[in-house]
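Let me begin by presenting the structure, written as structure tokens, before commenting on it.
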Amino acid sequence: MMPHRLRQLAGSLLLACLSLPVLAAPQHALTLYDEPPKYPANFKHFDYVNPDAPKGGTFRQSGFGGFDSLNPFINKGVAAENVGSIYETLMRQSLDEPFTEYGLVAGKIEKAPDNSWVRFYLRREARFHDGHPMRADDVVWTFNTLVSQGAPLYKVYYGDVAEVIAEDPLKVLFKFKHKNNRELPLILGQLPVLPKHWYENREFNRGNLEIPLGSGPYRVAEVKAGRSVRFERVKDYWAKDLPINRGMFNFDVMTFDYYRDSTVALEALKAGQFDYNLEVAAKNWANAYNVPAVREGRLIKEELPNGNPTGMQGFVFNLRKPMFQDVRVRKALSLLLDYEWTNKQLFNGAYTRTSSYFENSDMAARQPATPDELKILEPLRGKIPEQAFTEVFKNPVSDGSGMIREQQRQAYKLLQEAGWKIVDDKMVDAQGKPVVIEFLLAQTEFERVLLPFKRNLADLGIELTLRRVEVPQYINRLRSRDFDMIVSGFPQSSSPGNEQREFWTSGAADNPGSRNFIGLRDPAIDQLVEQLINADSRQSLINHARALDRVLQWGYYVIPNWHIKTWRVAYWNHIGHPKVSPKYDVGIDTWWIKPDVKPAVTTQPAPETTPSEAN
């Protein structure tokens with residue numbers, strides 16, 4: 001029998017232990033609402049890979065415009081395609097779950113039960129391409145550098161992190177400012193780990209073409225400024241045998257050749273100058289692939305299901321411009337896009353009109369607001385459009401004839417209410433200034449889409465100027481907010497979170513690297529965004545997304561475009577891919593070169609389609 005004093009001591013220790021907070025257990029994966037991940041700790045590979053895919057060969061892709069930097073983390077220059085993939089991240093998201101991440105550089109992850117911190121346990125074997133080990137100091141340096149010197153989006157994206165601490169060489173602790181951001185541990189899992197030792201004698205915030213040091217399955221092998229970049233598979237890649245990497249990264253070489261004209265690039269694909277194209281133009285998909293190679297099955301056209309929310313693509317108004325600050329003006333201009341005619345005549349009926357910022361998901365506001373949604377909106381009454389409480393947003397619908405007189409009449413009435421009027425057949429604004437709108441473009445394809453819109457505006461005396469510029473100039477003008485209108489997209493995931501600050505909030509409006517192209521500075525929208533980020537369940541996330549959606553819809557901040565629920569891909573038949581495609585991605589990293597099929601073309605390029613002439 002235990003002596004009395006020892007029993008007392010044991011009892012005291014037991015009570016002390018019971019009074020301690022519950023400790024989190026390190027785990028191999030994280031999910032947003034702590035639901036079990038699809039893949040257990042002992043899984044062998046993802047379901048959407050071929051675990052026995054052959055390794056080898058060269059996979060050739062195209063880039064658009066040009067590039068002048070190999071640093072994708074700063075707000076200077078134009079980074080080369082795919083260069084960010086040479087770096088590994090703490091975790092990697094699976095492509096067949098809405099939002100689940102599995103350990104990569106971090107083999108285990110520990111999250112506070114009250115969501116006040118997250119700890120990453122780094123793999124001892126993780127290393128950079130020069131053999132230098134990846135350690136906690138690299139993680140801390142990367143985080144602090146991206147926030148202080150990287151593109152402005154990082155400061156917003158990681159804004160809820162209070163402190164990052166290297167507890168020992170293989171442990172990193174992130175402490176949070178509050179406990180409401182359930183997504184934050186997953187967001188930090190996406191953090192790339194950059195080599196602190198490599199940057200010690202280099203200026204991080206400078207775009208150049210020095211080949212960077214990475215840690216991933218590929219390294220940059222060759223660069224031709226503005227024309228091409230070549231990646232080679234790292235044969236002794238430290239993570240090649242991890243279950244999350246089995247069946248992936250199968251090409252020995254990946255190349256990107258740049259074209260300044262997408263029409264020339266398409267001809268180059270058909271001539272066999274590169275291997276794969278993600279087609280975004282419905283006209284091309286319907287008509288431009290009518291070539292012998294397609295009919296003979298050598299060049300394959302395929303539509304892969306896309307389970308992602310399609311988000312919003314639209315003609316974006318820059319609210320920094322006085323002419324767009326009146327919602328009646330924005331609504332009037334929205335009435336002048338004849339989508340039905342455009343879809344029929346230009347897109348072969350391939351598209352569906354977009355109405356929601358969370359299109360193709362259960363977060364889209366398609367029905368009258370539910371009591372839970374109204375509870376979210378009610379405190380903002382008088383600060384947001386009244387229609388958000390009572391009406392379902394719908395785009396105008398024409399008969400497809402190309403005649404939209406009724407819509408033009410409605411638009412003219414709204415413009416008159418805003419103080420605009422016609423003088424000498426020209427529309428002038430409330431200050432008597434002729435209305436001239438510059439639409440900034442980088443690609444030629446949208447010119448044919450905008451010309452009918454331009455004519456509809458001209459019928460009301462409004463001049464729309466289409467200004468096409470080279471990609472570097474286009475990016476610089478976006479960063480300086482030097483545009484009236486652009487066509488752009490606001491992509492969404494199945495679990496929207498911190499990135500919404502980048503799209504809609506006042507804090508991002510003046511950040512040159514943010515995607516708040518609209519220039520929104522609305523405290524009500526700021527509040528809705530924060531509430532969405534802090535949602536504590538899937539249903540709460542849906543309710544808050546729908547509430548935000550309604551306010552954005554009725555603000556007429558963009559003229560909604562259109563979407564399609566598949567990826568349209570064309571690739572030569574010496575390329576293979578798994579039978580099961582991932583739900584939320586094309587999954588190019590799972591594809592391979594068939595060793596028994598000869599590539600479509602010899603190494604001698606077709607003179608009329610070489611990238612140098614395209615440039």
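FYI, nothing fancy with the structure tokens labels: chains A, B, ... in order, residues from 1 per chain, ligands from 1 as they appear.
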
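Around Lys171 of chain A, within 12 Å and counting only C-alpha atoms, the residues found are Pro26, Leu90, Val105, Ala106, Gly107, Lys108, Ile109, Glu110, Val118, Arg119, Phe120, Tyr121, Leu122, Arg123, Arg124, Met134, Arg135, Ala136, Asp137, Asp138, Val139, Val140, Val164, Ile165, Ala166 and Glu167 of chain A, once anything fewer than 4 positions away on its own chain is removed.
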
What are the nearest atom pairs, with distances in Å to one decimal, for all residues of segment 177-249 of chain A that come at most 6 Å from segment 38-49 of chain A, using only C-alpha atoms, set out by chain and rising residue number as a Markdown table?
```
| residue | atom | partner | partner_atom | distance |
| --- | --- | --- | --- | --- |
| A:Pro243 | CA | A:His45 | CA | 4.8 |
| A:Ile244 | CA | A:His45 | CA | 5.8 |
| A:Arg246 | CA | A:His45 | CA | 5.7 |
| A:Gly247 | CA | A:Val49 | CA | 5.4 |
```

Return as a tab-separated table the residues of segment 500-565 of chain A lying at most 12 Å from segment 56-76 of chain A, together with the closest atom-to-atom pair for each and the distance in Å to one decimal, counting only C-alpha atoms, with rows in chain order and ascending residue number.
```
residue	atom	partner	partner_atom	distance
A:Asn511	CA	A:Asn75	CA	10.2
A:Pro512	CA	A:Asn75	CA	7.9
A:Gly513	CA	A:Asn75	CA	6.0
A:Ser514	CA	A:Asn75	CA	9.7
```

Expected file contents, prior selection, C-alpha atoms, as a JSON list (two decimals), in the first residue's frame:
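Wrote it out as part-v7.json, contents follow:
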```json
[["chain", "number", "residue", "atom", "x", "y", "z"],
["A", 511, "ASN", "CA", -2.23, 48.05, -52.00],
["A", 512, "PRO", "CA", -0.76, 47.90, -55.50],
["A", 513, "GLY", "CA", -0.45, 44.11, -55.39],
["A", 514, "SER", "CA", -3.96, 43.36, -54.16]]
```

For Phe483 of chain A, find every residue with an atom within 8 Å (counting only C-alpha atoms), except residues of its own chain fewer than 3 positions away, and show them as an NGL selection string. :A and (318 or 438-440 or 477-478 or 486)

Could the residues in this selection be written to a file with C-alpha atoms, as a PDB file, in the first residue's frame?
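Resulting contents of selection-v8.pdb:
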```
ATOM      1  CA  ASN A 318     -12.645  51.163 -61.144  1.00  0.00           C
ATOM      2  CA  GLU A 438     -10.978  53.405 -71.603  1.00  0.00           C
ATOM      3  CA  PHE A 439     -11.104  49.617 -71.435  1.00  0.00           C
ATOM      4  CA  LEU A 440      -7.616  48.233 -70.766  1.00  0.00           C
ATOM      5  CA  ARG A 477      -1.090  49.839 -64.969  1.00  0.00           C
ATOM      6  CA  LEU A 478      -3.073  47.401 -62.838  1.00  0.00           C
ATOM      7  CA  ILE A 486     -10.720  45.854 -67.230  1.00  0.00           C
TER       8      ILE A 486
END
```

Using only C-alpha atoms, the residue out of A:Gln93, A:Thr100, A:Ser148, A:Ser361 with shortest distance to Ser494 of chain A is A:Ser361

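With distances restricted to only C-alpha atoms, A:Arg320 is the closest residue to Asp482 of chain A from A:Ala570, A:Gln367, A:Val223, A:Arg320.
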
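When only C-alpha atoms are used to measure the gap to Val253 of chain A, the shortest distance among A:Phe274, A:Ala524, A:Val316, A:Arg219 belongs to A:Arg219.
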
(request) Pull the strand (DSSP E) assignments for segment 284-470 of chain A out of DSSP run on the backbone, and list those residues as a PyMOL selection string. (result) chain A and resi 299-305+312-317+352-353+421-423+426-428+436-441+463-468

Filtering to N, CA and C atoms, could you give me those residues as a tab-separated table (two decimals), in the first residue's frame?
```tsv
chain	number	residue	atom	x	y	z
A	299	LEU	N	-3.99	14.53	-81.85
A	299	LEU	CA	-4.18	15.68	-80.98
A	299	LEU	C	-5.56	15.50	-80.34
A	300	ILE	N	-5.58	15.34	-79.04
A	300	ILE	CA	-6.80	14.94	-78.31
A	300	ILE	C	-7.48	16.17	-77.72
A	301	LYS	N	-8.77	16.29	-77.96
A	301	LYS	CA	-9.61	17.30	-77.29
A	301	LYS	C	-10.41	16.59	-76.20
A	302	GLU	N	-10.38	17.16	-75.01
A	302	GLU	CA	-11.08	16.51	-73.90
A	302	GLU	C	-11.61	17.57	-72.93
A	303	GLU	N	-12.79	17.31	-72.41
A	303	GLU	CA	-13.35	18.18	-71.38
A	303	GLU	C	-13.34	17.43	-70.05
A	304	LEU	N	-12.64	18.00	-69.08
A	304	LEU	CA	-12.52	17.39	-67.75
A	304	LEU	C	-13.44	18.14	-66.79
A	305	PRO	N	-14.15	17.41	-65.92
A	305	PRO	CA	-15.07	18.09	-65.00
A	305	PRO	C	-14.34	19.00	-64.03
A	312	MET	N	-16.30	34.84	-59.99
A	312	MET	CA	-16.86	35.90	-60.83
A	312	MET	C	-15.81	36.40	-61.81
A	313	GLN	N	-16.10	36.29	-63.09
A	313	GLN	CA	-15.35	37.04	-64.10
A	313	GLN	C	-16.28	38.12	-64.63
A	314	GLY	N	-15.73	39.30	-64.85
A	314	GLY	CA	-16.60	40.37	-65.33
A	314	GLY	C	-15.82	41.56	-65.83
A	315	PHE	N	-16.55	42.52	-66.37
A	315	PHE	CA	-15.98	43.81	-66.74
A	315	PHE	C	-15.97	44.65	-65.47
A	316	VAL	N	-14.80	44.97	-64.98
A	316	VAL	CA	-14.64	45.56	-63.65
A	316	VAL	C	-14.62	47.08	-63.75
A	317	PHE	N	-15.44	47.72	-62.94
A	317	PHE	CA	-15.42	49.18	-62.82
A	317	PHE	C	-14.37	49.58	-61.78
A	352	THR	N	-22.62	29.77	-69.69
A	352	THR	CA	-23.74	30.13	-68.82
A	352	THR	C	-23.42	31.48	-68.18
A	353	ARG	N	-24.40	32.36	-68.12
A	353	ARG	CA	-24.17	33.68	-67.54
A	353	ARG	C	-23.89	33.55	-66.04
A	421	LYS	N	-26.53	63.51	-69.30
A	421	LYS	CA	-27.44	63.89	-70.38
A	421	LYS	C	-26.70	63.91	-71.71
A	422	ILE	N	-27.47	63.93	-72.79
A	422	ILE	CA	-26.87	63.96	-74.12
A	422	ILE	C	-26.83	65.40	-74.62
A	423	VAL	N	-25.64	65.82	-75.07
A	423	VAL	CA	-25.42	67.15	-75.65
A	423	VAL	C	-24.70	66.96	-76.97
A	426	LYS	N	-23.59	63.53	-77.79
A	426	LYS	CA	-22.57	62.96	-76.92
A	426	LYS	C	-23.09	62.95	-75.48
A	427	MET	N	-22.87	61.87	-74.81
A	427	MET	CA	-23.24	61.80	-73.40
A	427	MET	C	-22.24	62.60	-72.57
A	428	VAL	N	-22.76	63.44	-71.69
A	428	VAL	CA	-21.90	64.17	-70.77
A	428	VAL	C	-22.32	63.81	-69.35
A	436	VAL	N	-15.98	59.42	-71.78
A	436	VAL	CA	-15.08	58.54	-72.54
A	436	VAL	C	-14.52	57.52	-71.57
A	437	ILE	N	-14.74	56.24	-71.86
A	437	ILE	CA	-14.30	55.15	-70.99
A	437	ILE	C	-13.20	54.37	-71.69
A	438	GLU	N	-12.06	54.21	-71.04
A	438	GLU	CA	-10.98	53.40	-71.60
A	438	GLU	C	-11.04	52.01	-71.00
A	439	PHE	N	-11.10	51.02	-71.86
A	439	PHE	CA	-11.10	49.62	-71.44
A	439	PHE	C	-9.72	49.04	-71.72
A	440	LEU	N	-9.00	48.69	-70.65
A	440	LEU	CA	-7.62	48.23	-70.77
A	440	LEU	C	-7.58	46.73	-71.00
A	441	LEU	N	-6.81	46.30	-72.00
A	441	LEU	CA	-6.72	44.89	-72.37
A	441	LEU	C	-5.27	44.48	-72.57
A	463	GLU	N	-18.54	56.98	-75.42
A	463	GLU	CA	-17.40	56.47	-76.18
A	463	GLU	C	-16.61	55.48	-75.34
A	464	LEU	N	-16.48	54.25	-75.86
A	464	LEU	CA	-15.66	53.22	-75.22
A	464	LEU	C	-14.41	53.01	-76.07
A	465	THR	N	-13.26	53.27	-75.49
A	465	THR	CA	-11.98	53.11	-76.17
A	465	THR	C	-11.33	51.81	-75.71
A	466	LEU	N	-10.99	50.96	-76.65
A	466	LEU	CA	-10.30	49.71	-76.31
A	466	LEU	C	-8.80	49.95	-76.42
A	467	ARG	N	-8.09	49.79	-75.31
A	467	ARG	CA	-6.66	50.06	-75.25
A	467	ARG	C	-5.92	48.78	-74.95
A	468	ARG	N	-5.30	48.19	-75.98
A	468	ARG	CA	-4.54	46.96	-75.77
A	468	ARG	C	-3.07	47.29	-75.62
```

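Coordinates place atom CA of Lys583 of chain A at a distance of 17.6 Å from atom CA of Asn245 of chain A.
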
Here atom CA of Ala288 of chain A and atom CA of Ala271 of chain A stand apart by 12.7 Å

Name all residues at most 8 Å from Leu278 of chain A (count only C-alpha atoms; drop same-chain ones fewer than 5 positions away) and give them as a PDB file with N, CA and C atoms, in the first residue's frame.
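Result file is result-v1.pdb:
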```
ATOM      1  N   TRP A 567     -12.971  21.928 -67.698  1.00  0.00           N
ATOM      2  CA  TRP A 567     -11.717  22.385 -68.271  1.00  0.00           C
ATOM      3  C   TRP A 567     -11.626  21.819 -69.676  1.00  0.00           C
ATOM      4  N   ARG A 568     -11.381  22.678 -70.649  1.00  0.00           N
ATOM      5  CA  ARG A 568     -11.217  22.219 -72.036  1.00  0.00           C
ATOM      6  C   ARG A 568      -9.721  22.111 -72.322  1.00  0.00           C
ATOM      7  N   VAL A 569      -9.253  20.893 -72.515  1.00  0.00           N
ATOM      8  CA  VAL A 569      -7.825  20.672 -72.711  1.00  0.00           C
ATOM      9  C   VAL A 569      -7.591  19.988 -74.054  1.00  0.00           C
ATOM     10  N   ALA A 570      -6.506  20.369 -74.685  1.00  0.00           N
ATOM     11  CA  ALA A 570      -6.046  19.720 -75.911  1.00  0.00           C
ATOM     12  C   ALA A 570      -4.597  19.306 -75.692  1.00  0.00           C
TER      13      ALA A 570
END
```

Give me the residues near segment 189-204 of chain A as a PyMOL selection string, where near means some atom within 7 Å (using only C-alpha atoms) and where sequence neighbours in that chain fewer than 6 positions away do not count. chain A and resi 87-92+138-139+141-142

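Coordinates place atom CA of Arg409 of chain A at a distance of 20.1 Å from atom CA of Trp554 of chain A.
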
*Sel. of helix (DSSP H, G or I) residues, segment 385-478 of chain A, as a VMD selection string*: chain A and resid 387 to 390 405 to 417 445 to 458 471 to 478

Generate a file of the selected residues that holds C-alpha atoms, formatted as an mmCIF file, in the first residue's frame.
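That gives us result_37.cif:
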```
data_model
loop_
_atom_site.group_PDB
_atom_site.id
_atom_site.type_symbol
_atom_site.label_atom_id
_atom_site.label_comp_id
_atom_site.auth_asym_id
_atom_site.auth_seq_id
_atom_site.Cartn_x
_atom_site.Cartn_y
_atom_site.Cartn_z
ATOM 1 C CA GLN A 387 -32.544 44.828 -52.406
ATOM 2 C CA ALA A 388 -30.152 42.506 -50.557
ATOM 3 C CA PHE A 389 -32.907 41.902 -47.999
ATOM 4 C CA THR A 390 -35.834 41.304 -50.321
ATOM 5 C CA ARG A 405 -33.800 48.935 -77.099
ATOM 6 C CA GLU A 406 -35.712 48.301 -73.867
ATOM 7 C CA GLN A 407 -32.458 47.817 -71.941
ATOM 8 C CA GLN A 408 -31.045 50.967 -73.529
ATOM 9 C CA ARG A 409 -34.143 52.922 -72.465
ATOM 10 C CA GLN A 410 -33.750 51.683 -68.905
ATOM 11 C CA ALA A 411 -30.049 52.576 -68.983
ATOM 12 C CA TYR A 412 -30.716 56.074 -70.318
ATOM 13 C CA LYS A 413 -33.282 56.718 -67.565
ATOM 14 C CA LEU A 414 -30.777 55.660 -64.889
ATOM 15 C CA LEU A 415 -28.074 57.871 -66.394
ATOM 16 C CA GLN A 416 -30.457 60.843 -66.410
ATOM 17 C CA GLU A 417 -31.227 60.206 -62.748
ATOM 18 C CA GLU A 445 -9.504 37.759 -77.884
ATOM 19 C CA PHE A 446 -11.694 40.118 -75.887
ATOM 20 C CA GLU A 447 -11.723 42.796 -78.551
ATOM 21 C CA ARG A 448 -14.379 40.946 -80.554
ATOM 22 C CA VAL A 449 -16.440 40.512 -77.373
ATOM 23 C CA LEU A 450 -16.208 44.176 -76.491
ATOM 24 C CA LEU A 451 -17.012 45.596 -79.930
ATOM 25 C CA PRO A 452 -20.788 44.874 -79.664
ATOM 26 C CA PHE A 453 -20.719 46.346 -76.148
ATOM 27 C CA LYS A 454 -18.926 49.394 -77.558
ATOM 28 C CA ARG A 455 -21.685 49.817 -80.170
ATOM 29 C CA ASN A 456 -24.418 49.597 -77.542
ATOM 30 C CA LEU A 457 -22.697 52.321 -75.516
ATOM 31 C CA ALA A 458 -22.216 54.454 -78.631
ATOM 32 C CA VAL A 471 1.699 42.360 -70.669
ATOM 33 C CA PRO A 472 4.373 44.224 -68.607
ATOM 34 C CA GLN A 473 2.649 47.557 -69.213
ATOM 35 C CA TYR A 474 -0.731 45.998 -68.437
ATOM 36 C CA ILE A 475 0.522 44.654 -65.095
ATOM 37 C CA ASN A 476 2.127 47.983 -64.199
ATOM 38 C CA ARG A 477 -1.090 49.839 -64.969
ATOM 39 C CA LEU A 478 -3.073 47.401 -62.838
#
```

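The closest residue to Gly226 of chain A, picked from A:Gly77, A:Pro582, A:Pro113, A:Pro523 and counting only C-alpha atoms, is A:Gly77.
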
ask   = Can you list, as a VMD selection string, every protein, DNA or RNA residue that comes within 12 Å of Asp424 of chain A when you count only C-alpha atoms, leaving out same-chain residues fewer than 6 positions away?
value = chain A and resid 432 434 460 to 462

Give me a file of those residues, with N, CA and C atoms, as a short mmCIF file (atom, residue, chain, number, x, y, z; two decimals), in the first residue's frame.
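To be explicit, this is the file written out as part22.cif:
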```cif
data_model
loop_
_atom_site.label_atom_id
_atom_site.label_comp_id
_atom_site.auth_asym_id
_atom_site.auth_seq_id
_atom_site.Cartn_x
_atom_site.Cartn_y
_atom_site.Cartn_z
N GLY A 432 -20.84 67.98 -66.89
CA GLY A 432 -20.85 68.46 -68.27
C GLY A 432 -19.68 67.98 -69.10
N PRO A 434 -17.76 65.26 -71.46
CA PRO A 434 -18.08 64.12 -72.33
C PRO A 434 -17.56 62.81 -71.72
N LEU A 460 -25.88 55.40 -77.01
CA LEU A 460 -26.26 56.38 -75.99
C LEU A 460 -25.24 57.51 -75.89
N GLY A 461 -24.38 57.63 -76.88
CA GLY A 461 -23.43 58.73 -76.91
C GLY A 461 -22.22 58.54 -76.03
N ILE A 462 -21.98 57.31 -75.55
CA ILE A 462 -20.84 57.02 -74.69
C ILE A 462 -19.72 56.42 -75.52
#
```

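Of the listed residues (A:Ile86, A:Asp275, A:Glu163, A:Val172), A:Ile86 comes nearest to Ala221 of chain A; the distances count only C-alpha atoms.
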